[in-house]
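Novice: So here's start28.cif, just mmCIF, C-alpha atoms and all ligand atoms:
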data_start
loop_
_atom_site.group_PDB
_atom_site.id
_atom_site.type_symbol
_atom_site.label_atom_id
_atom_site.label_comp_id
_atom_site.auth_asym_id
_atom_site.auth_seq_id
_atom_site.Cartn_x
_atom_site.Cartn_y
_atom_site.Cartn_z
ATOM 1 C CA MET A 265 0.000 0.000 0.000
ATOM 2 C CA LYS A 266 1.582 3.259 -1.205
ATOM 3 C CA VAL A 267 0.469 5.324 1.797
ATOM 4 C CA LEU A 268 2.148 2.905 4.226
ATOM 5 C CA GLU A 269 5.444 3.178 2.338
ATOM 6 C CA ASN A 270 5.226 6.955 2.296
ATOM 7 C CA LEU A 271 4.402 7.174 6.006
ATOM 8 C CA SER A 272 7.455 5.049 6.732
ATOM 9 C CA ARG A 273 9.692 7.250 4.536
ATOM 10 C CA ARG A 274 8.601 10.241 6.594
ATOM 11 C CA GLY A 275 9.496 8.546 9.875
ATOM 12 C CA PHE A 276 6.028 7.465 10.992
ATOM 13 C CA LYS A 277 5.464 3.886 12.169
ATOM 14 C CA PRO A 278 2.719 2.615 9.852
ATOM 15 C CA PHE A 279 0.469 -0.377 10.511
ATOM 16 C CA PHE A 280 -2.480 -1.902 8.700
ATOM 17 C CA ALA A 281 -5.207 -3.538 10.784
ATOM 18 C CA GLU A 282 -8.264 -5.545 9.830
ATOM 19 C CA SER A 283 -10.056 -5.306 13.170
ATOM 20 C CA ALA A 284 -10.355 -3.517 16.510
ATOM 21 C CA GLU A 285 -8.537 -6.449 18.101
ATOM 22 C CA GLU A 286 -5.522 -5.862 15.861
ATOM 23 C CA VAL A 287 -5.529 -2.167 16.716
ATOM 24 C CA ILE A 288 -5.528 -2.972 20.438
ATOM 25 C CA GLN A 289 -2.719 -5.488 19.958
ATOM 26 C CA ILE A 290 -0.494 -2.855 18.299
ATOM 27 C CA ILE A 291 -1.155 -0.384 21.116
ATOM 28 C CA ARG A 292 -0.548 -3.004 23.838
ATOM 29 C CA GLN A 293 2.795 -3.912 22.317
ATOM 30 C CA ASN A 294 3.924 -0.289 22.595
ATOM 31 C CA VAL A 295 2.396 1.005 25.843
ATOM 32 C CA PRO A 296 3.472 -0.416 29.222
ATOM 33 C CA ALA A 297 0.723 -2.153 31.198
ATOM 34 C CA GLY A 298 -1.210 0.111 33.538
ATOM 35 C CA SER A 299 -0.154 3.363 31.824
ATOM 36 C CA THR A 300 -2.410 6.378 31.576
ATOM 37 C CA ILE A 301 -3.516 7.071 28.014
ATOM 38 C CA GLY A 302 -4.988 10.343 26.793
ATOM 39 C CA PHE A 303 -7.538 10.592 24.011
ATOM 40 C CA GLY A 304 -8.485 13.224 21.476
ATOM 41 C CA GLY A 305 -12.052 13.379 20.216
ATOM 42 C CA SER A 306 -12.408 10.510 17.751
ATOM 43 C CA GLN A 307 -15.496 8.840 16.381
ATOM 44 C CA THR A 308 -13.183 6.188 14.970
ATOM 45 C CA CYS A 309 -11.860 5.209 18.409
ATOM 46 C CA GLU A 310 -15.377 5.197 19.792
ATOM 47 C CA ALA A 311 -16.655 2.983 16.953
ATOM 48 C CA LEU A 312 -13.847 0.505 17.652
ATOM 49 C CA GLN A 313 -14.403 0.836 21.433
ATOM 50 C CA VAL A 314 -10.718 1.549 21.910
ATOM 51 C CA PRO A 315 -11.042 3.281 25.322
ATOM 52 C CA GLN A 316 -13.295 0.575 26.729
ATOM 53 C CA ARG A 317 -11.118 -2.262 25.419
ATOM 54 C CA LEU A 318 -7.934 -0.727 26.840
ATOM 55 C CA LYS A 319 -9.577 0.016 30.182
ATOM 56 C CA ALA A 320 -10.612 -3.650 30.399
ATOM 57 C CA LEU A 321 -6.921 -4.523 29.973
ATOM 58 C CA GLY A 322 -5.919 -2.369 32.949
ATOM 59 C CA TYR A 323 -4.951 0.922 31.301
ATOM 60 C CA VAL A 324 -6.168 4.222 32.733
ATOM 61 C CA CYS A 325 -8.044 5.761 29.837
ATOM 62 C CA ASN A 326 -8.611 9.525 29.973
ATOM 63 C CA HIS A 327 -11.773 9.424 27.899
ATOM 64 C CA GLN A 328 -15.319 10.491 28.685
ATOM 65 C CA LEU A 329 -16.541 6.920 28.167
ATOM 66 C CA THR A 330 -14.109 5.444 30.675
ATOM 67 C CA SER A 331 -13.437 8.167 33.244
ATOM 68 C CA ASP A 332 -15.426 10.026 35.893
ATOM 69 C CA LEU A 333 -13.389 13.183 35.316
ATOM 70 C CA SER A 334 -15.122 16.189 33.757
ATOM 71 C CA TRP A 335 -14.290 17.133 30.177
ATOM 72 C CA GLU A 336 -12.225 20.081 31.432
ATOM 73 C CA ALA A 337 -10.323 17.866 33.864
ATOM 74 C CA LEU A 338 -9.677 15.292 31.146
ATOM 75 C CA CYS A 339 -8.289 17.955 28.819
ATOM 76 C CA GLN A 340 -6.000 19.214 31.581
ATOM 77 C CA SER A 341 -4.780 15.720 32.461
ATOM 78 C CA ASN A 342 -4.213 14.880 28.797
ATOM 79 C CA ARG A 343 -1.699 17.712 28.513
ATOM 80 C CA PHE A 344 0.749 15.654 30.528
ATOM 81 C CA VAL A 345 0.263 12.040 29.377
ATOM 82 C CA ASP A 346 3.032 10.039 27.717
ATOM 83 C CA TYR A 347 0.629 8.132 25.476
ATOM 84 C CA TYR A 348 -2.151 9.632 23.372
ATOM 85 C CA ILE A 349 -4.633 8.109 20.944
ATOM 86 C CA THR A 350 -6.716 9.908 18.362
ATOM 87 C CA SER A 351 -7.682 9.752 14.708
ATOM 88 C CA THR A 352 -7.052 12.152 11.844
ATOM 89 C CA ASN A 353 -9.331 14.237 9.654
ATOM 90 C CA ALA A 354 -7.325 13.279 6.595
ATOM 91 C CA LEU A 355 -4.262 11.295 5.567
ATOM 92 C CA THR A 356 -2.639 12.063 2.223
ATOM 93 C CA GLU A 357 -1.315 9.341 -0.057
ATOM 94 C CA ASP A 358 2.153 10.825 0.354
ATOM 95 C CA GLY A 359 1.928 10.321 4.116
ATOM 96 C CA GLN A 360 0.873 13.617 5.726
ATOM 97 C CA LEU A 361 -1.716 13.948 8.498
ATOM 98 C CA VAL A 362 -4.072 16.940 8.305
ATOM 99 C CA ASN A 363 -6.263 18.043 11.197
ATOM 100 C CA THR A 364 -8.398 21.090 11.982
ATOM 101 C CA ASP A 365 -9.633 21.895 15.488
ATOM 102 C CA GLY A 366 -11.510 24.525 17.428
ATOM 103 C CA ARG A 367 -10.288 23.994 20.975
ATOM 104 C CA SER A 368 -7.058 22.470 19.597
ATOM 105 C CA ASN A 369 -6.330 20.116 22.501
ATOM 106 C CA ARG A 370 -6.057 17.379 19.869
ATOM 107 C CA VAL A 371 -3.805 19.135 17.346
ATOM 108 C CA SER A 372 -1.515 20.374 20.124
ATOM 109 C CA ALA A 373 -1.113 16.839 21.502
ATOM 110 C CA MET A 374 -0.381 15.593 17.993
ATOM 111 C CA CYS A 375 2.742 17.728 17.734
ATOM 112 C CA TYR A 376 4.058 18.165 21.290
ATOM 113 C CA GLY A 377 3.669 16.449 24.639
ATOM 114 C CA PRO A 378 3.151 12.690 24.478
ATOM 115 C CA LYS A 379 6.121 10.393 23.917
ATOM 116 C CA LYS A 380 3.997 8.128 21.757
ATOM 117 C CA LEU A 381 1.059 9.144 19.602
ATOM 118 C CA PHE A 382 -1.276 6.583 18.061
ATOM 119 C CA VAL A 383 -3.383 7.721 15.105
ATOM 120 C CA VAL A 384 -6.145 5.253 14.238
ATOM 121 C CA ALA A 385 -7.726 5.971 10.862
ATOM 122 C CA GLY A 386 -10.272 4.242 8.660
ATOM 123 C CA ARG A 387 -9.381 3.784 4.972
ATOM 124 C CA ASN A 388 -11.921 6.505 4.116
ATOM 125 C CA LYS A 389 -9.525 9.131 5.560
ATOM 126 C CA ILE A 390 -6.976 8.590 2.784
ATOM 127 C CA CYS A 391 -6.915 11.523 0.346
ATOM 128 C CA LYS A 392 -4.985 11.998 -2.875
ATOM 129 C CA ASP A 393 -3.051 15.097 -1.767
ATOM 130 C CA LEU A 394 -3.161 18.161 0.511
ATOM 131 C CA PRO A 395 -5.861 20.025 -1.503
ATOM 132 C CA ALA A 396 -8.038 16.897 -1.306
ATOM 133 C CA ALA A 397 -7.363 16.682 2.438
ATOM 134 C CA PHE A 398 -8.466 20.299 2.965
ATOM 135 C CA GLU A 399 -11.526 19.667 0.828
ATOM 136 C CA ARG A 400 -12.374 16.599 2.918
ATOM 137 C CA ILE A 401 -12.153 18.638 6.114
ATOM 138 C CA GLU A 402 -14.275 21.480 4.713
ATOM 139 C CA LYS A 403 -16.924 19.318 3.076
ATOM 140 C CA VAL A 404 -17.108 16.276 5.350
ATOM 141 C CA ALA A 405 -15.263 16.318 8.661
ATOM 142 C CA ALA A 406 -15.892 19.824 9.954
ATOM 143 C CA PRO A 407 -19.624 20.119 9.139
ATOM 144 C CA LEU A 408 -20.379 16.664 10.575
ATOM 145 C CA ASN A 409 -18.342 17.366 13.711
ATOM 146 C CA ALA A 410 -19.938 20.791 14.156
ATOM 147 C CA LYS A 411 -23.363 19.154 13.981
ATOM 148 C CA ARG A 412 -22.353 16.364 16.365
ATOM 149 C CA LEU A 413 -21.026 18.878 18.871
ATOM 150 C CA ASN A 414 -24.118 21.144 18.585
ATOM 151 C CA LYS A 415 -21.973 24.086 17.523
ATOM 152 C CA LYS A 416 -23.622 27.348 16.509
ATOM 153 C CA THR A 417 -22.121 27.426 13.037
ATOM 154 C CA PRO A 418 -23.727 27.652 9.590
ATOM 155 C CA CYS A 419 -22.438 24.211 8.626
ATOM 156 C CA ALA A 420 -24.115 22.566 11.607
ATOM 157 C CA VAL A 421 -27.435 23.662 10.073
ATOM 158 C CA THR A 422 -26.821 23.407 6.327
ATOM 159 C CA GLY A 423 -24.091 20.737 6.217
ATOM 160 C CA LYS A 424 -21.973 23.096 4.097
ATOM 161 C CA CYS A 425 -18.978 25.186 5.038
ATOM 162 C CA GLU A 426 -19.706 28.916 4.815
ATOM 163 C CA LYS A 427 -16.133 29.841 5.822
ATOM 164 C CA CYS A 428 -17.557 31.349 8.981
ATOM 165 C CA PHE A 429 -15.949 33.500 11.645
ATOM 166 C CA SER A 430 -18.354 32.274 14.299
ATOM 167 C CA LYS A 431 -17.071 32.168 17.882
ATOM 168 C CA ASP A 432 -18.139 28.531 17.793
ATOM 169 C CA THR A 433 -16.200 27.595 14.662
ATOM 170 C CA ILE A 434 -14.349 24.320 14.962
ATOM 171 C CA CYS A 435 -11.924 25.479 12.257
ATOM 172 C CA LYS A 436 -9.640 27.690 14.327
ATOM 173 C CA ALA A 437 -6.343 25.863 13.806
ATOM 174 C CA THR A 438 -5.017 23.405 11.231
ATOM 175 C CA LEU A 439 -2.012 21.153 11.739
ATOM 176 C CA ILE A 440 -0.226 19.401 8.892
ATOM 177 C CA LEU A 441 2.033 16.742 10.319
ATOM 178 C CA HIS A 442 4.642 16.296 7.579
ATOM 179 C CA ASN A 443 6.780 14.115 9.829
ATOM 180 C CA PRO A 444 6.651 13.055 13.474
ATOM 181 C CA THR A 445 7.856 16.021 15.546
ATOM 182 C CA SER A 446 11.254 15.758 17.209
ATOM 183 C CA THR A 447 10.269 14.313 20.581
ATOM 184 C CA MET A 448 7.552 11.893 19.533
ATOM 185 C CA GLU A 449 7.067 8.448 18.056
ATOM 186 C CA VAL A 450 3.952 8.426 15.887
ATOM 187 C CA PHE A 451 2.166 5.180 15.080
ATOM 188 C CA VAL A 452 -0.355 5.421 12.248
ATOM 189 C CA ILE A 453 -2.769 2.495 12.203
ATOM 190 C CA ILE A 454 -4.907 2.307 9.068
ATOM 191 C CA VAL A 455 -7.969 0.147 9.597
ATOM 192 C CA ASN A 456 -9.478 -1.641 6.617
ATOM 193 C CA ARG A 457 -12.925 -0.142 7.229
ATOM 194 C CA ASP A 458 -14.701 3.157 6.712
ATOM 195 C CA LEU A 459 -14.657 4.807 10.141
ATOM 196 C CA GLY A 460 -15.369 8.242 11.570
ATOM 197 C CA PHE A 461 -15.559 11.466 9.592
HETATM 198 S S1 LIG B 501 -15.398 27.359 8.870
HETATM 199 FE FE1 LIG B 501 -17.342 27.465 9.997
HETATM 200 S S2 LIG B 501 -18.893 26.872 8.477
HETATM 201 FE FE2 LIG B 501 -16.911 26.179 7.692
HETATM 202 S S3 LIG B 501 -16.734 24.057 8.363
HETATM 203 FE FE3 LIG B 501 -15.675 25.351 9.881
HETATM 204 S S4 LIG B 501 -17.225 25.736 11.443
HETATM 205 FE FE4 LIG B 501 -18.286 25.039 9.625
#
Transcribe the structure of this file into structure tokens.
Ligand code: SF4
Specialist:
Amino acid sequence: MKVLENLSRRGFKPFFAESAEEVIQIIRQNVPAGSTIGFGGSQTCEALQVPQRLKALGYVCNHQLTSDLSWEALCQSNRFVDYYITSTNALTEDGQLVNTDGRSNRVSAMCYGPKKLFVVAGRNKICKDLPAAFERIEKVAAPLNAKRLNKKTPCAVTGKCEKCFSKDTICKATLILHNPTSTMEVFVIIVNRDLGF
């Protein structure tokens, strides 16, 4: 698979998984038992029940589905974890990860903080190039996320990006990860399913 080769050339650690079980196996092999793991918002991880599966194996999972901490407290705690799991809005065929956030807890953790970052992405996130990745974010990921999060943005109502300047916009910051940043190992696990948006 071309994208796996290109991720590897850029210094990422690429994996291909057929199932949630395989995803969990890759994470287990690279995170010491009992560690605390932070999570960025990810419909993909929720669909695969990644937080619940890892919690059942004894990990402390800083995720709303597996923790009693408030959302604010989780975000604070996740600033200091060594291990972090999320997905990506888009993954280009030449191996770049593109993400747009409002709060930006996720994009900040993807470039500084954790020692190991795990990006779990369905095959539907693969885009031809950077323009296609931006188009995917504008036309698919951002409007669907704005709607899911009940944001007061035009796209949450119409499903289309109006390039808004709303206080509620979830498009405040975009990170292109060309390579893993200097202090991090980045594992990119492509799952052979359509997952998330
Ligand atoms: S810029 Fe505004 S309208 Fe466009 S996708 Fe982002 S939140 Fe929605």
Novice: Could you tell me which residues the PyMOL selection byres (((not hetatm)) within 6 of (chain B and resi 501)) returns for this structure, as a ChimeraX atom specification?
Specialist: /A:402,406-407,417-419,425-428,433-435
Novice: For CA of Gly275 (chain A) and CA of Thr308 (chain A), determine how far apart the two atoms are, in Å to one decimal place.
Specialist: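 Going from CA of Gly275 (chain A) over to CA of Thr308 (chain A) covers 23.4 Å.
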Novice: Given only C-alpha atoms, how would the per-residue table for region 378-431 of chain A near region 346-352 of chain A read, listing every residue at most 9 Å away with its closest atom pair and distance in Å to one decimal, sorted by chain and number, as CSV?
Specialist:
residue,atom,partner,partner_atom,distance
A:Pro378,CA,A:Asp346,CA,4.2
A:Lys379,CA,A:Asp346,CA,4.9
A:Lys380,CA,A:Tyr347,CA,5.0
A:Leu381,CA,A:Tyr348,CA,5.0
A:Phe382,CA,A:Ile349,CA,4.7
A:Val383,CA,A:Ser351,CA,4.8
A:Val384,CA,A:Ser351,CA,4.8
A:Ala385,CA,A:Ser351,CA,5.4
A:Gly386,CA,A:Ser351,CA,8.6
A:Lys389,CA,A:Thr352,CA,7.4
Novice: Name the residues within 7 Å of (-9.6, 0.6, 16.8), counting only C-alpha atoms in the file's coordinates, and put them as an NGL selection string.
Specialist: :A and (283-284 or 287-288 or 308-309 or 312-314 or 384)
Novice: Which residues come within 9 Å of region 335-338 of chain A, counting only C-alpha atoms, excluding same-chain residues fewer than 3 positions away, as number ranges by chain?
Specialist: A: 302-303, 326-328, 331, 341-343
Novice: For a quick check of understanding, using all atoms listed in the file, which of A:Arg273, A:Arg370, A:Lys411, A:Lys266 has the smallest distance to Ala437 (chain A)?
Specialist: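 Closest candidate: A:Arg370.
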Novice: May I ask for the distance between CA of Phe461 (chain A) and CA of Leu394 (chain A), given in Å to one decimal place?
Specialist: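 Those two atoms sit 16.8 Å apart.
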Novice: So, with all atoms listed in the file as the atoms that count, which of A:Val450, A:Val267, A:Gln340, A:Lys424 lies closest to Tyr376 (chain A)?
Specialist: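 Of the candidates, the smallest distance to Tyr376 (chain A) is held by A:Val450.
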Novice: Skipping near chain neighbours, those fewer than 5 positions away, what residues fall within 9 Å of Leu441 (chain A) using all atoms listed in the file, listed as a PyMOL selection string?
Specialist: chain A and resi 359-363+374-375
